[in-house]
Amino acid sequence: MPGFQPPLDLERFLLLDPRVAPFFTHGEAAFFIARDAAGRPLGRISAQCDRLAPADRAATGHFGCLDAVDDPAVVAGLIAAARRWHAERGRHRIEGPFTYSINEEVGIQISGQDRGDMVLMPWHPPYLGAHVEAAGLVPVKDLLAYSVPLARGAQWRGVRFAQLPEGSPIKVRQLDLGNLAGEAAIMTELYNASWRDNWGFIPLAAAELTTLLRVIRPILKPAHAVFLEHDGRAVAFAFIMPNGYELFRGFRGRLLPFNWARLLWRIFTHRFAAKRVTLLGVRTDLRDTILGARLPIVAIARLIAANPEPAEIEMSWILDDNLRMRRIIEGAGGTISKRYRVYADPEPTGEGP
């Protein structure tokens with residue numbers, strides 16, 4: 001199907017295997033596969049619980065890893081399996097998909113499938129959302145991906161706005177590739193502080209971000225993160241990730257027998273056509289100040305200016321009702337390129353029989 005790119009089998013192993021996936025240090029999951037009478041796989045789903053979830057969200061179970069053939073009965077059966085697993089553990093409402101949490105792949109892709117793959121963003125066939133609704137789930141939140149053509153982003157007035165005056169107390173630095181664990185700790189602290197009041201928030205674990213940075217270390221550059229510092233302390237950051245899926249297009253998910261050599265060659269020679277702005281954070285005590293309002297614009301503008309190579313930058317994901325962030329991105333020339341949707345069981349009405 002146009003736009004679909006199978007992930008590497010190795011990448012899925014690192015994501016799903018409880019022995020190596022960082023999620024399982026603070027969560028648990030079960031995995032289900034639907035098969036036909038001949039034993040052929042028809043679909044899959046996970047049911048998971050994250051112990052980092054705030055108390056007010058602990059009663060809702062999450063599902064993820066959802067994919068299936070074009071058959072509403074298969075999707076209904078998978079969702080029923082996830083419901084049963086959660087019900088056995090006292091959670092009688094499910095929400096998703098999240099693979100595994102809101103800090104990773106989120107939602108079912110509703111539009112933009114032909115725009116192709118993007119790192120840590122899901123891809124789904126157009127029929128899947130309708131089958132999920134037929135299984136009794138209802139839409140609860142839409143998330144957006146924005147495309148910012150580099151030529152338009154470079155003309156954004158925010159780039160000029162981001163030029164800090166001489167003598168400004170704000171200093172700018174880039175990613176320290178020699179201290180990825182320390183950088184991950186800073187980004188995690190600022191990200192969690194910034195988004196803790198956001199819909200669906202679950203804290204990002206520093207260990208998970210450290211693992212991600214180390215996995216993509218061969219393609220990381222200092223310019224892929226911008227840190228704004230005040231009095232020697234980071235007060236804001238923005239992080240952009242090259243679209244690593246470009247490296248193994250055409251591999252059909254396999255590295256063996258010869259694709260590993262092609263991958264190594266591409267790592268050293270490939271020029272990425274797209275990158276994704278995936279993390280942004282501002283220190284909590286500055287969020288409602290004039291300086292705090294300016295910092296996200298400065299960070300995003302500095303990040304765009306530091307990454308002139310790709311033809312396109314994707315900013316994702318953005319909550320549909322986060323109008324403040326949407327205005328910033330649209331001011332930079334961004335247009336909506338993809339839409340994702342999270343579903344859940346309907347909220348109980350509280351009415352008696």
# chains A, B, ... in the order shown; residues from 1 in each chain; ligands from 1
call {"tool": "residues_around", "arguments": {"residues": "stretch 327-330 of chain A", "least_positions_apart": "6", "cutoff": "9 Å", "atoms": "only C-alpha atoms", "output": "list in words"}}
result
Tyr146, Val148, Gly158, Pro296, Ile297, Met315 and Ile336 of chain A
call {"tool": "write_last_selection", "arguments": {"atoms": "all heavy atoms", "output": "PDB file, in the first residue's frame"}}
result
ATOM      1  N   TYR A 146       2.491  18.154  11.391  1.00  0.00           N
ATOM      2  CA  TYR A 146       2.650  19.301  10.493  1.00  0.00           C
ATOM      3  C   TYR A 146       3.886  19.123   9.627  1.00  0.00           C
ATOM      4  O   TYR A 146       4.925  18.650  10.100  1.00  0.00           O
ATOM      5  CB  TYR A 146       2.809  20.590  11.289  1.00  0.00           C
ATOM      6  CG  TYR A 146       1.519  21.227  11.733  1.00  0.00           C
ATOM      7  CD1 TYR A 146       0.905  20.854  12.917  1.00  0.00           C
ATOM      8  CD2 TYR A 146       0.914  22.224  10.972  1.00  0.00           C
ATOM      9  CE1 TYR A 146      -0.275  21.451  13.339  1.00  0.00           C
ATOM     10  CE2 TYR A 146      -0.264  22.827  11.377  1.00  0.00           C
ATOM     11  CZ  TYR A 146      -0.857  22.439  12.558  1.00  0.00           C
ATOM     12  OH  TYR A 146      -2.038  23.028  12.969  1.00  0.00           O
ATOM     13  N   VAL A 148       6.643  21.230   7.494  1.00  0.00           N
ATOM     14  CA  VAL A 148       7.204  22.568   7.326  1.00  0.00           C
ATOM     15  C   VAL A 148       8.284  22.492   6.251  1.00  0.00           C
ATOM     16  O   VAL A 148       9.402  22.022   6.523  1.00  0.00           O
ATOM     17  CB  VAL A 148       7.806  23.104   8.631  1.00  0.00           C
ATOM     18  CG1 VAL A 148       8.320  24.529   8.429  1.00  0.00           C
ATOM     19  CG2 VAL A 148       6.801  23.057   9.764  1.00  0.00           C
ATOM     20  N   GLY A 158       9.842  34.152  13.061  1.00  0.00           N
ATOM     21  CA  GLY A 158      10.355  33.668  14.329  1.00  0.00           C
ATOM     22  C   GLY A 158      11.854  33.447  14.305  1.00  0.00           C
ATOM     23  O   GLY A 158      12.522  33.510  15.341  1.00  0.00           O
ATOM     24  N   PRO A 296       9.908  28.769  23.653  1.00  0.00           N
ATOM     25  CA  PRO A 296       9.622  27.743  22.630  1.00  0.00           C
ATOM     26  C   PRO A 296       9.882  28.234  21.218  1.00  0.00           C
ATOM     27  O   PRO A 296      10.389  27.474  20.381  1.00  0.00           O
ATOM     28  CB  PRO A 296       8.137  27.426  22.850  1.00  0.00           C
ATOM     29  CG  PRO A 296       7.852  27.849  24.243  1.00  0.00           C
ATOM     30  CD  PRO A 296       8.732  29.029  24.502  1.00  0.00           C
ATOM     31  N   ILE A 297       9.551  29.497  20.935  1.00  0.00           N
ATOM     32  CA  ILE A 297       9.783  30.047  19.602  1.00  0.00           C
ATOM     33  C   ILE A 297      11.277  30.120  19.319  1.00  0.00           C
ATOM     34  O   ILE A 297      11.744  29.769  18.231  1.00  0.00           O
ATOM     35  CB  ILE A 297       9.124  31.435  19.470  1.00  0.00           C
ATOM     36  CG1 ILE A 297       7.621  31.330  19.692  1.00  0.00           C
ATOM     37  CG2 ILE A 297       9.434  32.053  18.115  1.00  0.00           C
ATOM     38  CD1 ILE A 297       6.895  32.663  19.668  1.00  0.00           C
ATOM     39  N   MET A 315       6.699  18.322  12.296  1.00  0.00           N
ATOM     40  CA  MET A 315       6.508  18.623  13.705  1.00  0.00           C
ATOM     41  C   MET A 315       5.322  17.803  14.185  1.00  0.00           C
ATOM     42  O   MET A 315       4.195  18.005  13.748  1.00  0.00           O
ATOM     43  CB  MET A 315       6.270  20.116  13.925  1.00  0.00           C
ATOM     44  CG  MET A 315       7.471  20.968  13.577  1.00  0.00           C
ATOM     45  SD  MET A 315       7.269  22.695  14.075  1.00  0.00           S
ATOM     46  CE  MET A 315       8.850  23.374  13.559  1.00  0.00           C
ATOM     47  N   ILE A 336      -0.965  20.985   7.984  1.00  0.00           N
ATOM     48  CA  ILE A 336      -1.291  19.655   8.490  1.00  0.00           C
ATOM     49  C   ILE A 336      -1.072  18.623   7.384  1.00  0.00           C
ATOM     50  O   ILE A 336      -1.630  18.745   6.287  1.00  0.00           O
ATOM     51  CB  ILE A 336      -2.748  19.610   8.982  1.00  0.00           C
ATOM     52  CG1 ILE A 336      -2.935  20.565  10.166  1.00  0.00           C
ATOM     53  CG2 ILE A 336      -3.127  18.184   9.397  1.00  0.00           C
ATOM     54  CD1 ILE A 336      -4.379  20.739  10.583  1.00  0.00           C
TER      55      ILE A 336
END
call {"tool": "residues_around", "arguments": {"residues": "A:Val342", "least_positions_apart": "4", "cutoff": "12 Å", "atoms": "only C-alpha atoms", "output": "NGL selection string"}}
result
:A and (62-64 or 66 or 94-99 or 101-102 or 105-110 or 129 or 132-133 or 137-144 or 199-200 or 319-320)
call {"tool": "residues_around", "arguments": {"residues": "stretch 120-127 of chain A", "least_positions_apart": "5", "cutoff": "10 Å", "atoms": "only C-alpha atoms", "output": "VMD selection string"}}
result
chain A and resid 1 to 6 65 to 72 97 to 99 103 to 114 132 145 241 243 to 245 276 278 316 to 317 340
call {"tool": "write_last_selection", "arguments": {"atoms": "N, CA, C and O atoms", "output": "short mmCIF file (atom, residue, chain, number, x, y, z; two decimals), in the first residue's frame"}}
result
data_model
loop_
_atom_site.label_atom_id
_atom_site.label_comp_id
_atom_site.auth_asym_id
_atom_site.auth_seq_id
_atom_site.Cartn_x
_atom_site.Cartn_y
_atom_site.Cartn_z
N MET A 1 0.86 -1.19 0.00
CA MET A 1 0.00 0.00 0.00
C MET A 1 0.89 1.24 0.00
O MET A 1 1.89 1.30 0.72
N PRO A 2 0.57 2.26 -0.84
CA PRO A 2 1.43 3.45 -0.92
C PRO A 2 1.65 4.09 0.44
O PRO A 2 0.72 4.31 1.20
N GLY A 3 2.90 4.40 0.73
CA GLY A 3 3.26 5.05 1.98
C GLY A 3 3.71 4.11 3.07
O GLY A 3 4.32 4.55 4.06
N PHE A 4 3.42 2.80 2.94
CA PHE A 4 3.77 1.86 4.00
C PHE A 4 5.23 1.43 3.89
O PHE A 4 5.71 1.09 2.82
N GLN A 5 5.92 1.47 5.03
CA GLN A 5 7.30 1.02 5.11
C GLN A 5 7.43 0.06 6.29
O GLN A 5 7.27 0.47 7.44
N PRO A 6 7.70 -1.22 6.05
CA PRO A 6 7.82 -2.15 7.18
C PRO A 6 9.00 -1.77 8.06
O PRO A 6 10.08 -1.47 7.55
N CYS A 65 -0.03 -1.51 19.48
CA CYS A 65 0.49 -2.46 18.47
C CYS A 65 -0.63 -2.98 17.57
O CYS A 65 -0.54 -4.10 17.05
N LEU A 66 -1.68 -2.19 17.38
CA LEU A 66 -2.86 -2.70 16.67
C LEU A 66 -2.64 -2.65 15.16
O LEU A 66 -2.29 -1.61 14.60
N ASP A 67 -2.86 -3.79 14.54
CA ASP A 67 -2.88 -3.87 13.08
C ASP A 67 -3.66 -5.12 12.70
O ASP A 67 -3.68 -6.10 13.46
N ALA A 68 -4.34 -5.08 11.56
CA ALA A 68 -5.18 -6.21 11.18
C ALA A 68 -5.57 -6.12 9.72
O ALA A 68 -5.47 -5.06 9.08
N VAL A 69 -6.02 -7.24 9.19
CA VAL A 69 -6.58 -7.27 7.85
C VAL A 69 -7.90 -6.49 7.86
O VAL A 69 -8.43 -6.13 8.90
N ASP A 70 -8.42 -6.26 6.67
CA ASP A 70 -9.64 -5.46 6.51
C ASP A 70 -10.87 -6.32 6.85
O ASP A 70 -11.62 -6.75 5.97
N ASP A 71 -11.05 -6.56 8.14
CA ASP A 71 -12.16 -7.39 8.61
C ASP A 71 -12.57 -6.88 10.00
O ASP A 71 -11.82 -7.04 10.96
N PRO A 72 -13.75 -6.27 10.13
CA PRO A 72 -14.16 -5.73 11.43
C PRO A 72 -14.26 -6.78 12.52
O PRO A 72 -14.04 -6.48 13.70
N PRO A 97 -4.84 3.49 20.34
CA PRO A 97 -3.63 2.74 20.66
C PRO A 97 -2.45 3.60 21.09
O PRO A 97 -2.28 4.71 20.61
N PHE A 98 -1.66 3.03 22.00
CA PHE A 98 -0.38 3.59 22.43
C PHE A 98 0.63 2.43 22.37
O PHE A 98 0.37 1.36 22.90
N THR A 99 1.76 2.66 21.76
CA THR A 99 2.79 1.62 21.71
C THR A 99 4.10 2.16 22.28
O THR A 99 4.90 2.73 21.56
N ASN A 103 4.20 8.56 25.05
CA ASN A 103 5.52 9.07 24.69
C ASN A 103 6.14 8.33 23.51
O ASN A 103 7.28 8.62 23.13
N GLU A 104 5.41 7.38 22.93
CA GLU A 104 5.94 6.63 21.80
C GLU A 104 4.95 6.75 20.63
O GLU A 104 4.46 7.83 20.37
N GLU A 105 4.64 5.66 19.94
CA GLU A 105 3.68 5.72 18.84
C GLU A 105 2.28 5.86 19.40
O GLU A 105 1.88 5.11 20.28
N VAL A 106 1.51 6.82 18.88
CA VAL A 106 0.20 7.14 19.45
C VAL A 106 -0.84 7.22 18.34
O VAL A 106 -0.61 7.82 17.29
N GLY A 107 -2.01 6.62 18.59
CA GLY A 107 -3.16 6.82 17.73
C GLY A 107 -3.18 5.93 16.50
O GLY A 107 -2.22 5.21 16.18
N ILE A 108 -4.32 5.99 15.82
CA ILE A 108 -4.50 5.34 14.52
C ILE A 108 -4.43 6.41 13.45
O ILE A 108 -5.08 7.46 13.57
N GLN A 109 -3.65 6.17 12.43
CA GLN A 109 -3.53 7.17 11.38
C GLN A 109 -4.84 7.25 10.60
O GLN A 109 -5.33 6.26 10.06
N ILE A 110 -5.38 8.46 10.53
CA ILE A 110 -6.67 8.70 9.87
C ILE A 110 -6.47 9.25 8.47
O ILE A 110 -7.23 8.94 7.55
N SER A 111 -5.44 10.07 8.28
CA SER A 111 -5.19 10.66 6.97
C SER A 111 -3.69 10.86 6.78
O SER A 111 -2.92 10.85 7.73
N GLY A 112 -3.30 11.04 5.52
CA GLY A 112 -1.90 11.29 5.20
C GLY A 112 -1.07 10.04 5.00
O GLY A 112 0.16 10.12 4.97
N GLN A 113 -1.72 8.89 4.81
CA GLN A 113 -0.96 7.65 4.65
C GLN A 113 0.00 7.71 3.47
O GLN A 113 1.09 7.13 3.52
N ASP A 114 -0.38 8.43 2.42
CA ASP A 114 0.47 8.48 1.24
C ASP A 114 1.68 9.38 1.42
O ASP A 114 2.58 9.41 0.57
N VAL A 132 -12.34 -0.02 14.39
CA VAL A 132 -12.21 0.21 15.84
C VAL A 132 -13.52 0.79 16.39
O VAL A 132 -14.00 0.37 17.45
N ALA A 145 0.15 15.95 12.65
CA ALA A 145 1.53 16.11 12.19
C ALA A 145 1.54 17.26 11.21
O ALA A 145 0.69 17.34 10.33
N MET A 241 14.82 14.71 15.16
CA MET A 241 15.34 13.38 14.89
C MET A 241 15.31 13.10 13.39
O MET A 241 14.26 13.26 12.75
N ASN A 243 14.80 11.09 10.05
CA ASN A 243 13.84 10.01 9.78
C ASN A 243 14.61 8.73 9.46
O ASN A 243 14.90 8.42 8.30
N GLY A 244 14.93 7.97 10.52
CA GLY A 244 15.73 6.78 10.35
C GLY A 244 15.13 5.75 9.43
O GLY A 244 15.85 4.89 8.89
N TYR A 245 13.80 5.80 9.20
CA TYR A 245 13.18 4.84 8.29
C TYR A 245 13.74 4.95 6.88
O TYR A 245 13.67 3.99 6.10
N ARG A 276 12.18 14.96 12.08
CA ARG A 276 10.99 15.18 12.90
C ARG A 276 11.34 15.89 14.20
O ARG A 276 12.19 15.42 14.95
N THR A 278 10.49 16.22 17.64
CA THR A 278 9.73 15.28 18.45
C THR A 278 9.65 15.65 19.92
O THR A 278 8.75 15.20 20.61
N SER A 316 5.61 16.84 15.04
CA SER A 316 4.57 15.92 15.47
C SER A 316 4.97 15.26 16.78
O SER A 316 6.15 15.18 17.11
N TRP A 317 3.95 14.83 17.55
CA TRP A 317 2.57 15.13 17.25
C TRP A 317 2.09 16.34 18.05
O TRP A 317 2.67 16.66 19.10
N TYR A 340 -3.97 11.67 13.38
CA TYR A 340 -4.03 10.43 14.15
C TYR A 340 -5.16 10.55 15.17
O TYR A 340 -5.47 11.66 15.62
#
call {"tool": "atom_distance", "arguments": {"atom1": "atom CA of A:His131", "atom2": "atom CA of A:Ala59"}}
result
24.7 Å
call {"tool": "residues_around", "arguments": {"residues": "stretch 184-186 of chain A", "least_positions_apart": "4", "cutoff": "12 Å", "atoms": "only C-alpha atoms", "output": "PyMOL selection string"}}
result
chain A and resi 175-180+190-193+204-214+225-229+233-239+279-283
call {"tool": "write_last_selection", "arguments": {"atoms": "C-alpha atoms", "output": "PDB file, in the first residue's frame"}}
result
ATOM      1  CA  LEU A 175      23.719  18.437  21.861  1.00  0.00           C
ATOM      2  CA  ASP A 176      26.725  16.946  23.653  1.00  0.00           C
ATOM      3  CA  LEU A 177      27.215  13.603  21.905  1.00  0.00           C
ATOM      4  CA  GLY A 178      29.728  12.561  24.549  1.00  0.00           C
ATOM      5  CA  ASN A 179      27.175  12.756  27.364  1.00  0.00           C
ATOM      6  CA  LEU A 180      23.939  11.316  26.008  1.00  0.00           C
ATOM      7  CA  LEU A 190      12.119  19.778  31.023  1.00  0.00           C
ATOM      8  CA  TYR A 191       9.750  17.718  28.883  1.00  0.00           C
ATOM      9  CA  ASN A 192       7.899  16.269  31.879  1.00  0.00           C
ATOM     10  CA  ALA A 193       7.656  19.670  33.538  1.00  0.00           C
ATOM     11  CA  LEU A 204       8.851  10.133  30.060  1.00  0.00           C
ATOM     12  CA  ALA A 205      11.504   7.919  31.667  1.00  0.00           C
ATOM     13  CA  ALA A 206      15.093   9.123  31.301  1.00  0.00           C
ATOM     14  CA  ALA A 207      16.260   5.541  30.732  1.00  0.00           C
ATOM     15  CA  GLU A 208      13.986   5.212  27.687  1.00  0.00           C
ATOM     16  CA  LEU A 209      15.228   8.442  26.131  1.00  0.00           C
ATOM     17  CA  THR A 210      18.841   7.464  26.867  1.00  0.00           C
ATOM     18  CA  THR A 211      18.280   4.134  25.111  1.00  0.00           C
ATOM     19  CA  LEU A 212      16.767   5.870  22.090  1.00  0.00           C
ATOM     20  CA  LEU A 213      19.638   8.343  21.815  1.00  0.00           C
ATOM     21  CA  ARG A 214      22.198   5.565  22.038  1.00  0.00           C
ATOM     22  CA  ALA A 225      19.202  19.471  19.757  1.00  0.00           C
ATOM     23  CA  VAL A 226      19.199  23.063  20.947  1.00  0.00           C
ATOM     24  CA  PHE A 227      19.436  23.923  24.645  1.00  0.00           C
ATOM     25  CA  LEU A 228      18.723  27.398  26.010  1.00  0.00           C
ATOM     26  CA  GLU A 229      20.515  28.118  29.277  1.00  0.00           C
ATOM     27  CA  ARG A 233      20.995  25.980  33.849  1.00  0.00           C
ATOM     28  CA  ALA A 234      18.952  24.624  30.947  1.00  0.00           C
ATOM     29  CA  VAL A 235      15.586  26.392  30.760  1.00  0.00           C
ATOM     30  CA  ALA A 236      14.329  25.099  27.395  1.00  0.00           C
ATOM     31  CA  PHE A 237      15.245  22.685  24.622  1.00  0.00           C
ATOM     32  CA  ALA A 238      14.067  21.366  21.268  1.00  0.00           C
ATOM     33  CA  PHE A 239      15.094  18.072  19.673  1.00  0.00           C
ATOM     34  CA  LEU A 279      10.578  16.818  21.843  1.00  0.00           C
ATOM     35  CA  LEU A 280      10.202  20.315  23.274  1.00  0.00           C
ATOM     36  CA  GLY A 281      10.350  21.522  26.854  1.00  0.00           C
ATOM     37  CA  VAL A 282      10.441  24.693  28.971  1.00  0.00           C
ATOM     38  CA  ARG A 283      11.232  25.041  32.668  1.00  0.00           C
TER      39      ARG A 283
END
call {"tool": "select_by_dssp", "arguments": {"residues": "stretch 140-343 of chain A", "states": "alpha helix (DSSP H)", "output": "PyMOL selection string"}}
result
chain A and resi 150-154+157-161+180-195+206-215+259-269+290-306+323-331
call {"tool": "residues_around", "arguments": {"residues": "A:His270", "least_positions_apart": "5", "cutoff": "9 Å", "atoms": "only C-alpha atoms", "output": "ChimeraX atom specification"}}
result
/A:246-247,265
call {"tool": "write_last_selection", "arguments": {"atoms": "all heavy atoms", "output": "mmCIF file, in the first residue's frame"}}
result
data_model
loop_
_atom_site.group_PDB
_atom_site.id
_atom_site.type_symbol
_atom_site.label_atom_id
_atom_site.label_comp_id
_atom_site.auth_asym_id
_atom_site.auth_seq_id
_atom_site.Cartn_x
_atom_site.Cartn_y
_atom_site.Cartn_z
ATOM 1 N N GLU A 246 14.293 6.099 6.529
ATOM 2 C CA GLU A 246 14.869 6.248 5.194
ATOM 3 C C GLU A 246 16.045 5.303 4.970
ATOM 4 O O GLU A 246 16.346 4.936 3.834
ATOM 5 C CB GLU A 246 15.331 7.693 4.979
ATOM 6 C CG GLU A 246 14.212 8.719 4.984
ATOM 7 C CD GLU A 246 14.738 10.139 4.824
ATOM 8 O OE1 GLU A 246 15.872 10.308 4.341
ATOM 9 O OE2 GLU A 246 14.013 11.087 5.204
ATOM 10 N N LEU A 247 16.698 4.895 6.054
ATOM 11 C CA LEU A 247 17.908 4.084 5.934
ATOM 12 C C LEU A 247 17.618 2.657 5.491
ATOM 13 O O LEU A 247 18.489 2.000 4.915
ATOM 14 C CB LEU A 247 18.667 4.055 7.261
ATOM 15 C CG LEU A 247 19.249 5.382 7.731
ATOM 16 C CD1 LEU A 247 19.873 5.218 9.098
ATOM 17 C CD2 LEU A 247 20.283 5.904 6.733
ATOM 18 N N TRP A 265 26.397 1.262 4.831
ATOM 19 C CA TRP A 265 26.756 2.214 3.772
ATOM 20 C C TRP A 265 25.861 3.445 3.834
ATOM 21 O O TRP A 265 26.345 4.575 3.749
ATOM 22 C CB TRP A 265 26.656 1.531 2.414
ATOM 23 C CG TRP A 265 26.863 2.469 1.246
ATOM 24 C CD1 TRP A 265 25.918 2.983 0.421
ATOM 25 C CD2 TRP A 265 28.107 3.014 0.810
ATOM 26 N NE1 TRP A 265 26.471 3.813 -0.509
ATOM 27 C CE2 TRP A 265 27.832 3.847 -0.304
ATOM 28 C CE3 TRP A 265 29.429 2.876 1.237
ATOM 29 C CZ2 TRP A 265 28.829 4.544 -0.976
ATOM 30 C CZ3 TRP A 265 30.426 3.570 0.547
ATOM 31 C CH2 TRP A 265 30.123 4.386 -0.542
#
call {"tool": "atom_distance", "arguments": {"atom1": "atom CA of A:His92", "atom2": "atom CA of A:Thr60"}}
result
6.9 Å
call {"tool": "closest_residue", "arguments": {"among": "A:Val277, A:Gly253, A:Ala299, A:Ala134", "to": "A:Ile170", "atoms": "only C-alpha atoms"}}
result
A:Ala299
call {"tool": "atom_distance", "arguments": {"atom1": "atom CA of A:Val75", "atom2": "atom CA of A:Leu128"}}
result
8.1 Å
call {"tool": "closest_residue", "arguments": {"among": "A:Asp231, A:Asp117, A:Glu11, A:Asp36", "to": "A:Val172", "atoms": "only C-alpha atoms"}}
result
A:Asp231
call {"tool": "closest_residue", "arguments": {"among": "A:Gly136, A:Pro18, A:Gly77, A:Gly39", "to": "A:Pro346", "atoms": "only C-alpha atoms"}}
result
A:Gly136
